[in-house]
>>> print(open('final_2.pdb').read())   # PDB, C-alpha atoms, pLDDT in the B column
ATOM      1  CA  GLY A   1       2.604   6.450  22.024  1.00 51.00           C
ATOM      2  CA  SER A   2       4.709   3.615  20.686  1.00 60.00           C
ATOM      3  CA  ASP A   3       8.061   2.184  21.683  1.00 64.00           C
ATOM      4  CA  TYR A   4       8.706   1.088  18.087  1.00 71.00           C
ATOM      5  CA  VAL A   5      12.111   2.197  16.791  1.00 78.00           C
ATOM      6  CA  HIS A   6      13.458   1.644  13.293  1.00 79.00           C
ATOM      7  CA  GLU A   7      17.174   1.626  12.516  1.00 81.00           C
ATOM      8  CA  SER A   8      16.957   3.249   9.076  1.00 85.00           C
ATOM      9  CA  LYS A   9      18.538   6.618   8.314  1.00 91.00           C
ATOM     10  CA  LEU A  10      15.195   7.895   7.042  1.00 88.00           C
ATOM     11  CA  TYR A  11      13.498   7.101  10.357  1.00 87.00           C
ATOM     12  CA  SER A  12      16.329   8.727  12.316  1.00 92.00           C
ATOM     13  CA  SER A  13      16.280  11.881  10.204  1.00 96.00           C
ATOM     14  CA  PHE A  14      12.499  12.139  10.569  1.00 92.00           C
ATOM     15  CA  MET A  15      12.643  11.797  14.359  1.00 92.00           C
ATOM     16  CA  ASP A  16      15.507  14.329  14.508  1.00 95.00           C
ATOM     17  CA  ALA A  17      13.441  16.803  12.488  1.00 96.00           C
ATOM     18  CA  VAL A  18      10.445  16.306  14.772  1.00 95.00           C
ATOM     19  CA  SER A  19      12.611  16.907  17.841  1.00 95.00           C
ATOM     20  CA  ALA A  20      14.307  19.970  16.322  1.00 97.00           C
ATOM     21  CA  LYS A  21      10.934  21.613  15.708  1.00 96.00           C
ATOM     22  CA  GLY A  22       9.713  20.819  19.207  1.00 97.00           C
ATOM     23  CA  LEU A  23       6.935  18.608  17.898  1.00 95.00           C
ATOM     24  CA  GLU A  24       5.538  15.324  19.155  1.00 91.00           C
ATOM     25  CA  VAL A  25       4.822  12.243  17.069  1.00 86.00           C
ATOM     26  CA  GLN A  26       1.144  11.369  17.181  1.00 83.00           C
ATOM     27  CA  TYR A  27      -0.429   7.982  16.507  1.00 82.00           C
ATOM     28  CA  PRO A  28      -3.873   8.465  14.942  1.00 89.00           C
ATOM     29  CA  ALA A  29      -6.587   6.182  16.235  1.00 93.00           C
ATOM     30  CA  VAL A  30      -8.412   3.888  13.823  1.00 96.00           C
ATOM     31  CA  GLY A  31     -11.642   5.543  12.736  1.00 97.00           C
ATOM     32  CA  THR A  32     -10.304   9.096  13.081  1.00 97.00           C
ATOM     33  CA  MET A  33     -11.412  11.393  10.256  1.00 97.00           C
ATOM     34  CA  TYR A  34      -9.330  14.259   8.863  1.00 97.00           C
ATOM     35  CA  VAL A  35     -10.319  16.991   6.423  1.00 98.00           C
ATOM     36  CA  LEU A  36      -8.063  17.511   3.395  1.00 96.00           C
ATOM     37  CA  GLY A  37      -9.301  20.379   1.237  1.00 94.00           C
ATOM     38  CA  ASP A  38     -12.656  19.358  -0.191  1.00 94.00           C
ATOM     39  CA  ALA A  39     -11.901  15.731   0.666  1.00 98.00           C
ATOM     40  CA  GLU A  40     -11.549  13.791   3.900  1.00 98.00           C
ATOM     41  CA  PHE A  41      -9.757  10.645   4.927  1.00 98.00           C
ATOM     42  CA  GLU A  42     -10.301   7.984   7.551  1.00 98.00           C
ATOM     43  CA  VAL A  43      -7.571   6.062   9.385  1.00 98.00           C
ATOM     44  CA  LEU A  44      -8.094   2.311   8.909  1.00 98.00           C
ATOM     45  CA  ALA A  45      -4.911   0.888  10.449  1.00 97.00           C
ATOM     46  CA  PRO A  46      -2.889  -0.002  12.434  1.00 94.00           C
ATOM     47  CA  GLN A  47      -5.273  -1.210  15.095  1.00 89.00           C
ATOM     48  CA  THR A  48      -2.270  -2.029  17.273  1.00 83.00           C
ATOM     49  CA  VAL A  49       1.297  -0.694  17.135  1.00 81.00           C
ATOM     50  CA  SER A  50       4.002  -3.327  17.431  1.00 78.00           C
ATOM     51  CA  SER A  51       7.473  -2.695  18.824  1.00 74.00           C
ATOM     52  CA  THR A  52       8.942  -5.029  16.180  1.00 79.00           C
ATOM     53  CA  ASP A  53       6.660  -5.258  13.124  1.00 78.00           C
ATOM     54  CA  GLY A  54       7.388  -2.146  11.077  1.00 84.00           C
ATOM     55  CA  ASN A  55       5.400  -3.045   7.972  1.00 88.00           C
ATOM     56  CA  ASN A  56       2.165  -3.738   9.827  1.00 89.00           C
ATOM     57  CA  ASN A  57       2.622  -0.500  11.768  1.00 89.00           C
ATOM     58  CA  SER A  58       1.896   1.346   8.517  1.00 93.00           C
ATOM     59  CA  VAL A  59      -0.867   3.928   8.712  1.00 95.00           C
ATOM     60  CA  VAL A  60      -3.555   2.973   6.194  1.00 98.00           C
ATOM     61  CA  ILE A  61      -6.049   5.619   5.083  1.00 98.00           C
ATOM     62  CA  ARG A  62      -9.132   5.755   2.893  1.00 98.00           C
ATOM     63  CA  LEU A  63      -9.404   9.102   1.116  1.00 98.00           C
ATOM     64  CA  ILE A  64     -12.887  10.145  -0.011  1.00 98.00           C
ATOM     65  CA  ASN A  65     -13.558  13.038  -2.373  1.00 98.00           C
ATOM     66  CA  ASP A  66     -17.321  12.970  -2.887  1.00 98.00           C
ATOM     67  CA  GLU A  67     -17.865  10.009  -5.256  1.00 98.00           C
ATOM     68  CA  ASP A  68     -14.144   9.172  -5.618  1.00 98.00           C
ATOM     69  CA  SER A  69     -12.186   7.033  -3.154  1.00 98.00           C
ATOM     70  CA  PHE A  70      -8.577   5.987  -2.695  1.00 98.00           C
ATOM     71  CA  LEU A  71      -7.008   3.502  -0.285  1.00 98.00           C
ATOM     72  CA  PHE A  72      -3.348   3.995   0.671  1.00 98.00           C
ATOM     73  CA  THR A  73      -1.802   0.999   2.423  1.00 97.00           C
ATOM     74  CA  GLY A  74       1.870   1.849   2.987  1.00 94.00           C
ATOM     75  CA  ASP A  75       3.741  -1.382   3.744  1.00 94.00           C
ATOM     76  CA  ALA A  76       0.775  -3.080   5.449  1.00 94.00           C
ATOM     77  CA  GLU A  77       0.804  -6.858   5.081  1.00 95.00           C
ATOM     78  CA  TYR A  78      -1.667  -9.726   5.563  1.00 94.00           C
ATOM     79  CA  ALA A  79      -1.945  -9.306   9.356  1.00 94.00           C
ATOM     80  CA  SER A  80      -3.030  -5.679   9.019  1.00 96.00           C
ATOM     81  CA  GLU A  81      -5.298  -6.487   6.080  1.00 97.00           C
ATOM     82  CA  LYS A  82      -6.991  -9.224   8.117  1.00 96.00           C
ATOM     83  CA  GLU A  83      -7.714  -6.787  10.949  1.00 96.00           C
ATOM     84  CA  MET A  84      -9.152  -4.255   8.508  1.00 97.00           C
ATOM     85  CA  CYS A  85     -11.365  -6.871   6.862  1.00 97.00           C
ATOM     86  CA  ALA A  86     -12.706  -7.929  10.268  1.00 97.00           C
ATOM     87  CA  SER A  87     -13.297  -4.353  11.450  1.00 96.00           C
ATOM     88  CA  GLY A  88     -16.520  -3.743   9.559  1.00 96.00           C
ATOM     89  CA  MET A  89     -15.183  -0.478   8.155  1.00 97.00           C
ATOM     90  CA  ASP A  90     -15.881   0.435   4.543  1.00 98.00           C
ATOM     91  CA  LEU A  91     -12.826  -0.597   2.510  1.00 98.00           C
ATOM     92  CA  ASN A  92     -14.354  -0.136  -0.940  1.00 98.00           C
ATOM     93  CA  CYS A  93     -12.252   2.102  -3.180  1.00 98.00           C
ATOM     94  CA  ASP A  94     -11.824   3.201  -6.769  1.00 98.00           C
ATOM     95  CA  VAL A  95      -8.025   3.256  -6.453  1.00 98.00           C
ATOM     96  CA  LEU A  96      -5.942   0.879  -4.344  1.00 98.00           C
ATOM     97  CA  VAL A  97      -2.250   1.573  -3.787  1.00 98.00           C
ATOM     98  CA  LEU A  98      -0.925  -1.944  -3.259  1.00 97.00           C
ATOM     99  CA  GLY A  99       0.762  -2.699   0.034  1.00 95.00           C
ATOM    100  CA  HIS A 100       4.522  -3.157   0.335  1.00 90.00           C
ATOM    101  CA  HIS A 101       5.304  -2.417  -3.331  1.00 90.00           C
ATOM    102  CA  GLY A 102       3.074  -5.243  -4.553  1.00 93.00           C
ATOM    103  CA  SER A 103       4.985  -7.847  -2.566  1.00 93.00           C
ATOM    104  CA  ALA A 104       3.910 -11.419  -1.867  1.00 91.00           C
ATOM    105  CA  THR A 105       3.126 -10.537   1.758  1.00 93.00           C
ATOM    106  CA  SER A 106       0.311  -8.102   0.937  1.00 95.00           C
ATOM    107  CA  THR A 107      -2.875  -7.860  -1.160  1.00 97.00           C
ATOM    108  CA  SER A 108      -4.704 -10.968   0.030  1.00 97.00           C
ATOM    109  CA  TRP A 109      -7.780 -12.280  -1.758  1.00 97.00           C
ATOM    110  CA  ASP A 110      -9.957 -11.320   1.219  1.00 97.00           C
ATOM    111  CA  PHE A 111      -8.649  -7.762   1.122  1.00 98.00           C
ATOM    112  CA  LEU A 112      -9.270  -7.488  -2.623  1.00 98.00           C
ATOM    113  CA  ALA A 113     -12.790  -8.844  -2.136  1.00 97.00           C
ATOM    114  CA  GLN A 114     -13.575  -5.956   0.212  1.00 98.00           C
ATOM    115  CA  THR A 115     -11.735  -3.190  -1.623  1.00 98.00           C
ATOM    116  CA  VAL A 116     -12.785  -4.145  -5.195  1.00 97.00           C
ATOM    117  CA  PRO A 117     -10.731  -1.413  -6.897  1.00 98.00           C
ATOM    118  CA  THR A 118     -11.070  -0.319 -10.509  1.00 98.00           C
ATOM    119  CA  TRP A 119      -7.419   0.754 -10.577  1.00 98.00           C
ATOM    120  CA  ALA A 120      -4.316  -0.326  -8.668  1.00 98.00           C
ATOM    121  CA  VAL A 121      -1.109   1.669  -8.307  1.00 98.00           C
ATOM    122  CA  ILE A 122       2.146  -0.153  -7.600  1.00 97.00           C
ATOM    123  CA  SER A 123       4.897   2.058  -6.216  1.00 94.00           C
ATOM    124  CA  CYS A 124       8.243   0.348  -6.747  1.00 92.00           C
ATOM    125  CA  GLY A 125      11.519   0.653  -8.582  1.00 86.00           C
ATOM    126  CA  ALA A 126      14.257  -1.663  -9.783  1.00 81.00           C
ATOM    127  CA  ASN A 127      14.844  -4.186  -6.992  1.00 77.00           C
ATOM    128  CA  ASN A 128      15.930  -7.767  -6.321  1.00 72.00           C
ATOM    129  CA  TYR A 129      12.967  -8.579  -4.068  1.00 73.00           C
ATOM    130  CA  GLY A 130      10.805  -9.452  -7.053  1.00 74.00           C
ATOM    131  CA  HIS A 131       8.402  -6.524  -6.454  1.00 85.00           C
ATOM    132  CA  PRO A 132       5.756  -6.629  -7.715  1.00 94.00           C
ATOM    133  CA  ASN A 133       5.267 -10.308  -6.966  1.00 93.00           C
ATOM    134  CA  ALA A 134       4.035 -12.712  -9.640  1.00 93.00           C
ATOM    135  CA  GLU A 135       1.124 -14.013  -7.549  1.00 93.00           C
ATOM    136  CA  THR A 136       0.005 -10.483  -6.734  1.00 95.00           C
ATOM    137  CA  MET A 137       0.028  -9.571 -10.413  1.00 94.00           C
ATOM    138  CA  GLU A 138      -1.970 -12.707 -11.235  1.00 94.00           C
ATOM    139  CA  LYS A 139      -4.629 -11.514  -8.787  1.00 96.00           C
ATOM    140  CA  MET A 140      -4.740  -8.123 -10.502  1.00 96.00           C
ATOM    141  CA  GLU A 141      -5.137  -9.703 -13.911  1.00 95.00           C
ATOM    142  CA  SER A 142      -7.756 -12.223 -12.801  1.00 95.00           C
ATOM    143  CA  MET A 143      -9.914  -9.402 -11.401  1.00 97.00           C
ATOM    144  CA  ASP A 144      -9.392  -7.205 -14.489  1.00 96.00           C
ATOM    145  CA  ILE A 145      -7.948  -4.429 -12.325  1.00 97.00           C
ATOM    146  CA  GLU A 146      -6.252  -1.760 -14.408  1.00 97.00           C
ATOM    147  CA  ILE A 147      -2.745  -1.095 -13.128  1.00 96.00           C
ATOM    148  CA  PHE A 148      -0.215   1.704 -12.978  1.00 97.00           C
ATOM    149  CA  ARG A 149       3.433   0.970 -12.124  1.00 95.00           C
ATOM    150  CA  THR A 150       6.018   3.547 -11.132  1.00 95.00           C
ATOM    151  CA  ASP A 151       8.858   1.183 -12.133  1.00 92.00           C
ATOM    152  CA  LEU A 152       7.609   1.306 -15.725  1.00 92.00           C
ATOM    153  CA  GLN A 153       5.763   4.639 -15.915  1.00 95.00           C
ATOM    154  CA  GLY A 154       7.449   6.962 -13.444  1.00 95.00           C
ATOM    155  CA  THR A 155       5.351   9.332 -11.347  1.00 97.00           C
ATOM    156  CA  ILE A 156       1.635   8.550 -11.397  1.00 97.00           C
ATOM    157  CA  VAL A 157      -0.835  11.393 -10.791  1.00 98.00           C
ATOM    158  CA  ALA A 158      -4.555  10.879 -10.220  1.00 98.00           C
ATOM    159  CA  ASP A 159      -6.813  13.931 -10.413  1.00 98.00           C
ATOM    160  CA  SER A 160     -10.116  13.558  -8.547  1.00 98.00           C
ATOM    161  CA  SER A 161     -12.968  15.921  -9.377  1.00 97.00           C
ATOM    162  CA  GLY A 162     -15.301  14.225  -6.932  1.00 98.00           C
ATOM    163  CA  ALA A 163     -17.253  12.827  -9.862  1.00 98.00           C
ATOM    164  CA  GLY A 164     -14.512  10.901 -11.617  1.00 98.00           C
ATOM    165  CA  ILE A 165     -10.773  10.293 -11.669  1.00 98.00           C
ATOM    166  CA  THR A 166      -8.404  11.213 -14.486  1.00 98.00           C
ATOM    167  CA  TRP A 167      -4.759  10.204 -14.806  1.00 98.00           C
ATOM    168  CA  ASN A 168      -1.575  11.690 -16.225  1.00 98.00           C
ATOM    169  CA  THR A 169      -1.007   8.492 -18.204  1.00 97.00           C
ATOM    170  CA  GLN A 170      -2.872   5.399 -19.326  1.00 97.00           C
ATOM    171  CA  PRO A 171      -2.794   2.142 -17.308  1.00 96.00           C
ATOM    172  CA  CYS A 172       0.193   0.106 -18.433  1.00 94.00           C
ATOM    173  CA  GLN A 173      -1.603  -3.247 -18.065  1.00 91.00           C
ATOM    174  CA  ASP A 174       1.769  -4.961 -17.625  1.00 92.00           C
ATOM    175  CA  TYR A 175       1.066  -7.840 -15.233  1.00 92.00           C
ATOM    176  CA  SER A 176       4.613  -9.181 -15.240  1.00 92.00           C
ATOM    177  CA  SER A 177       6.472  -9.592 -11.951  1.00 92.00           C
ATOM    178  CA  GLY A 178       9.463  -7.543 -10.824  1.00 87.00           C
ATOM    179  CA  ASP A 179      13.048  -8.284 -11.720  1.00 58.00           C
ATOM    180  CA  GLY A 180      13.761 -10.481  -8.669  1.00 47.00           C
ATOM    181  CA  GLU A 181      13.277 -14.226  -8.423  1.00 43.00           C
ATOM    182  CA  TYR A 182       9.780 -15.665  -8.224  1.00 41.00           C
ATOM    183  CA  ARG A 183       8.735 -16.481  -4.656  1.00 43.00           C
ATOM    184  CA  SER A 184       5.541 -18.193  -3.628  1.00 45.00           C
ATOM    185  CA  TYR A 185       3.881 -17.007  -0.406  1.00 44.00           C
ATOM    186  CA  ASP A 186       1.305 -18.929   1.628  1.00 52.00           C
ATOM    187  CA  GLU A 187      -1.405 -16.519   2.810  1.00 50.00           C
ATOM    188  CA  GLU A 188      -2.573 -18.861   5.562  1.00 53.00           C
ATOM    189  CA  GLU A 189       0.841 -19.915   6.848  1.00 54.00           C
ATOM    190  CA  GLN A 190       2.248 -16.419   6.242  1.00 52.00           C
ATOM    191  CA  LYS A 191       5.622 -17.711   5.175  1.00 50.00           C
ATOM    192  CA  TYR A 192       7.527 -18.267   1.952  1.00 43.00           C
ATOM    193  CA  SER A 193       7.395 -21.714   0.427  1.00 46.00           C
ATOM    194  CA  ALA A 194      10.356 -20.893  -1.793  1.00 42.00           C
ATOM    195  CA  GLN A 195      13.018 -18.417  -0.721  1.00 38.00           C
ATOM    196  CA  SER A 196      15.106 -16.374  -3.121  1.00 37.00           C
ATOM    197  CA  GLY A 197      18.625 -15.157  -2.532  1.00 34.00           C
ATOM    198  CA  ASP A 198      19.815 -12.367  -0.237  1.00 36.00           C
ATOM    199  CA  GLU A 199      17.515  -9.381  -0.140  1.00 37.00           C
ATOM    200  CA  ASN A 200      20.223  -6.776  -0.238  1.00 33.00           C
ATOM    201  CA  ALA A 201      18.676  -4.116  -2.402  1.00 37.00           C
ATOM    202  CA  GLN A 202      16.045  -1.619  -1.352  1.00 38.00           C
ATOM    203  CA  SER A 203      12.945  -1.021  -3.446  1.00 40.00           C
ATOM    204  CA  GLY A 204      13.300   2.333  -5.142  1.00 42.00           C
ATOM    205  CA  ASN A 205      10.117   4.348  -4.946  1.00 44.00           C
ATOM    206  CA  GLN A 206       8.700   6.979  -7.181  1.00 47.00           C
ATOM    207  CA  ALA A 207       5.641   8.984  -6.364  1.00 51.00           C
ATOM    208  CA  ALA A 208       2.029   7.929  -6.606  1.00 56.00           C
ATOM    209  CA  GLU A 209       0.257  11.213  -6.067  1.00 54.00           C
ATOM    210  CA  PRO A 210      -3.466  11.925  -5.724  1.00 56.00           C
ATOM    211  CA  SER A 211      -4.919  15.403  -6.143  1.00 53.00           C
ATOM    212  CA  ALA A 212      -8.395  16.629  -5.366  1.00 53.00           C
ATOM    213  CA  SER A 213     -10.162  19.336  -7.302  1.00 51.00           C
ATOM    214  CA  GLY A 214     -13.623  20.761  -7.475  1.00 47.00           C
TER     215      GLY A 214
END
>>> encode(input="final_2.pdb", output="structure tokens")
Amino acid sequence: GSDYVHESKLYSSFMDAVSAKGLEVQYPAVGTMYVLGDAEFEVLAPQTVSSTDGNNNSVVIRLINDEDSFLFTGDAEYASEKEMCASGMDLNCDVLVLGHHGSATSTSWDFLAQTVPTWAVISCGANNYGHPNAETMEKMESMDIEIFRTDLQGTIVADSSGAGITWNTQPCQDYSSGDGEYRSYDEEEQKYSAQSGDENAQSGNQAAEPSASG
């Protein structure tokens, strides 16, 4: 188990619900496979669970439906991405859901080099963090990755037949940054080189939903 505790209301309500139903929180081991309908997914992270680092505690999974693959990163940042890249596991995917709402602290070049997605989904809403970050969007554009954004397009649905993926809307191809101030982030130093104002607004999220058929 983990001694990690988050102070958010969402975390508290989740733990209360688990307790009320007499259940126990489980921490899936990296490499564990689960069946989901006709598909299956593998746990890629976290390799370690920190008592303080909530974002890098995110469970990252790679969902495989025959020839189609999706990688869901939660709020995982560079540290988690680095561990995944060094693990030797297959990170290649058709669809990458960008970590931490497309922030500056996620989606490193090394991670993109191993995932090589055709499409990227950015789950974010109006915020003053600057999500998605300008540098992250520049990476998307430079690699010709087609993008979907919940802040501009609402709920995104991907339908996987196992032999191809269809969407409920077309990629928006809007590579602009979010509505916060531009902030540069040093991947090696893992710190901001220019800090914006107070981060006092939460990123609003809409759904990025996969579905498997066939």
>>> residues_near_point(input="final_2.pdb", point="(0.1, -4.9, -8.8)", cutoff="7 Å", atoms="all atoms listed in the file", output="compact mmCIF listing (two decimals) with C-alpha atoms, in the coordinates of the input")
# COMPACT_ATOMS: atom_id res chain seq x y z
CA LEU A 98 -0.92 -1.94 -3.26
CA GLY A 102 3.07 -5.24 -4.55
CA ALA A 120 -4.32 -0.33 -8.67
CA VAL A 121 -1.11 1.67 -8.31
CA ILE A 122 2.15 -0.15 -7.60
CA PRO A 132 5.76 -6.63 -7.72
CA THR A 136 0.00 -10.48 -6.73
CA MET A 137 0.03 -9.57 -10.41
CA MET A 140 -4.74 -8.12 -10.50
CA ILE A 147 -2.74 -1.10 -13.13
>>> atom_distance(input="final_2.pdb", atom1="CA of Asp94 in chain A", atom2="CA of Val30 in chain A")
20.9 Å
>>> residues_around(input="final_2.pdb", residues="Asn56 in chain A", least_positions_apart="6", cutoff="9 Å", atoms="only C-alpha atoms", output="JSON, numbers by chain")
{"A": [45, 46, 48, 49, 50, 74, 75, 76, 77, 78, 79, 80, 81]}
>>> closest_residue(input="final_2.pdb", among="A:Asn65, A:Ala20, A:Val95, A:Asp151", to="Leu36 in chain A", atoms="all atoms listed in the file")
A:Asn65
>>> resolve_selection(input="final_2.pdb", expression="the PyMOL selection byres ((chain A and resi 112) around 12)", output="ChimeraX atom specification")
/A:71,78,81-82,84-85,91-99,106-111,113-120,136,139-140,142-145
>>> atom_distance(input="final_2.pdb", atom1="CA of Lys9 in chain A", atom2="CA of Tyr34 in chain A")
28.9 Å
>>> closest_residue(input="final_2.pdb", among="A:Lys21, A:Gly54, A:Ser87, A:Leu44", to="Thr73 in chain A", atoms="only C-alpha atoms")
A:Leu44
>>> closest_residue(input="final_2.pdb", among="A:Ala163, A:Ala29, A:Val5, A:Leu23", to="Thr52 in chain A", atoms="only C-alpha atoms")
A:Val5
>>> axis_aligned_box(input="final_2.pdb", around="range 102-105 of chain A", padding_each_side="6 Å", output="AutoDock Vina command-line options")
--center_x 4.0 --center_y -8.3 --center_z -1.4 --size_x 13.9 --size_y 18.2 --size_z 18.3
>>> atom_distance(input="final_2.pdb", atom1="CA of Gly178 in chain A", atom2="CA of Val157 in chain A")
21.6 Å
>>> closest_residue(input="final_2.pdb", among="A:Asn55, A:Glu138, A:Pro28, A:Thr155", to="Ser176 in chain A", atoms="all atoms listed in the file")
A:Glu138
>>> build_atoms(input="final_2.pdb", residues="range 140-149 of chain A", atoms="all heavy atoms", output="short mmCIF file (atom, residue, chain, number, x, y, z; two decimals), in the coordinates of the input")
data_model
loop_
_atom_site.label_atom_id
_atom_site.label_comp_id
_atom_site.auth_asym_id
_atom_site.auth_seq_id
_atom_site.Cartn_x
_atom_site.Cartn_y
_atom_site.Cartn_z
N MET A 140 -4.31 -9.33 -9.79
CA MET A 140 -4.74 -8.12 -10.50
C MET A 140 -5.36 -8.47 -11.86
O MET A 140 -6.43 -7.99 -12.22
CB MET A 140 -3.54 -7.18 -10.74
CG MET A 140 -2.85 -6.65 -9.49
SD MET A 140 -3.89 -5.57 -8.50
CE MET A 140 -4.36 -6.74 -7.20
N GLU A 141 -4.68 -9.35 -12.57
CA GLU A 141 -5.14 -9.70 -13.91
C GLU A 141 -6.45 -10.49 -13.85
O GLU A 141 -7.36 -10.27 -14.66
CB GLU A 141 -4.06 -10.51 -14.63
CG GLU A 141 -4.38 -10.77 -16.10
CD GLU A 141 -3.21 -11.36 -16.86
OE1 GLU A 141 -2.27 -11.89 -16.22
OE2 GLU A 141 -3.23 -11.28 -18.10
N SER A 142 -6.56 -11.40 -12.88
CA SER A 142 -7.76 -12.22 -12.80
C SER A 142 -8.99 -11.40 -12.45
O SER A 142 -10.12 -11.78 -12.80
CB SER A 142 -7.57 -13.34 -11.77
OG SER A 142 -7.53 -12.83 -10.45
N MET A 143 -8.80 -10.27 -11.77
CA MET A 143 -9.91 -9.40 -11.40
C MET A 143 -10.11 -8.25 -12.39
O MET A 143 -10.95 -7.38 -12.16
CB MET A 143 -9.71 -8.85 -9.98
CG MET A 143 -9.79 -9.90 -8.90
SD MET A 143 -9.60 -9.21 -7.22
CE MET A 143 -11.08 -8.21 -7.07
N ASP A 144 -9.31 -8.26 -13.46
CA ASP A 144 -9.39 -7.20 -14.49
C ASP A 144 -9.18 -5.82 -13.89
O ASP A 144 -9.83 -4.84 -14.30
CB ASP A 144 -10.74 -7.26 -15.22
CG ASP A 144 -10.90 -8.53 -16.04
OD1 ASP A 144 -9.91 -8.97 -16.64
OD2 ASP A 144 -12.02 -9.07 -16.08
N ILE A 145 -8.28 -5.72 -12.93
CA ILE A 145 -7.95 -4.43 -12.32
C ILE A 145 -6.91 -3.73 -13.20
O ILE A 145 -5.87 -4.31 -13.53
CB ILE A 145 -7.41 -4.63 -10.90
CG1 ILE A 145 -8.48 -5.27 -10.01
CG2 ILE A 145 -6.94 -3.30 -10.31
CD1 ILE A 145 -7.97 -5.69 -8.65
N GLU A 146 -7.19 -2.51 -13.59
CA GLU A 146 -6.25 -1.76 -14.41
C GLU A 146 -5.12 -1.26 -13.51
O GLU A 146 -5.36 -0.76 -12.42
CB GLU A 146 -6.96 -0.59 -15.09
CG GLU A 146 -8.07 -1.05 -16.03
CD GLU A 146 -8.65 0.11 -16.83
OE1 GLU A 146 -8.28 1.27 -16.58
OE2 GLU A 146 -9.49 -0.16 -17.70
N ILE A 147 -3.89 -1.39 -13.99
CA ILE A 147 -2.74 -1.10 -13.13
C ILE A 147 -1.85 0.01 -13.67
O ILE A 147 -1.70 0.20 -14.88
CB ILE A 147 -1.90 -2.36 -12.87
CG1 ILE A 147 -1.32 -2.92 -14.16
CG2 ILE A 147 -2.71 -3.40 -12.11
CD1 ILE A 147 -0.27 -3.99 -13.92
N PHE A 148 -1.27 0.72 -12.72
CA PHE A 148 -0.22 1.70 -12.98
C PHE A 148 1.01 1.27 -12.18
O PHE A 148 0.89 0.82 -11.04
CB PHE A 148 -0.64 3.10 -12.53
CG PHE A 148 -1.84 3.65 -13.24
CD1 PHE A 148 -3.12 3.41 -12.75
CD2 PHE A 148 -1.70 4.42 -14.39
CE1 PHE A 148 -4.24 3.92 -13.40
CE2 PHE A 148 -2.81 4.92 -15.05
CZ PHE A 148 -4.08 4.68 -14.55
N ARG A 149 2.20 1.40 -12.78
CA ARG A 149 3.43 0.97 -12.12
C ARG A 149 4.49 2.06 -12.23
O ARG A 149 4.85 2.49 -13.33
CB ARG A 149 3.97 -0.31 -12.78
CG ARG A 149 3.06 -1.51 -12.62
CD ARG A 149 3.56 -2.71 -13.38
NE ARG A 149 4.94 -3.09 -13.06
CZ ARG A 149 5.45 -4.29 -13.28
NH1 ARG A 149 4.69 -5.24 -13.84
NH2 ARG A 149 6.70 -4.57 -12.98
#
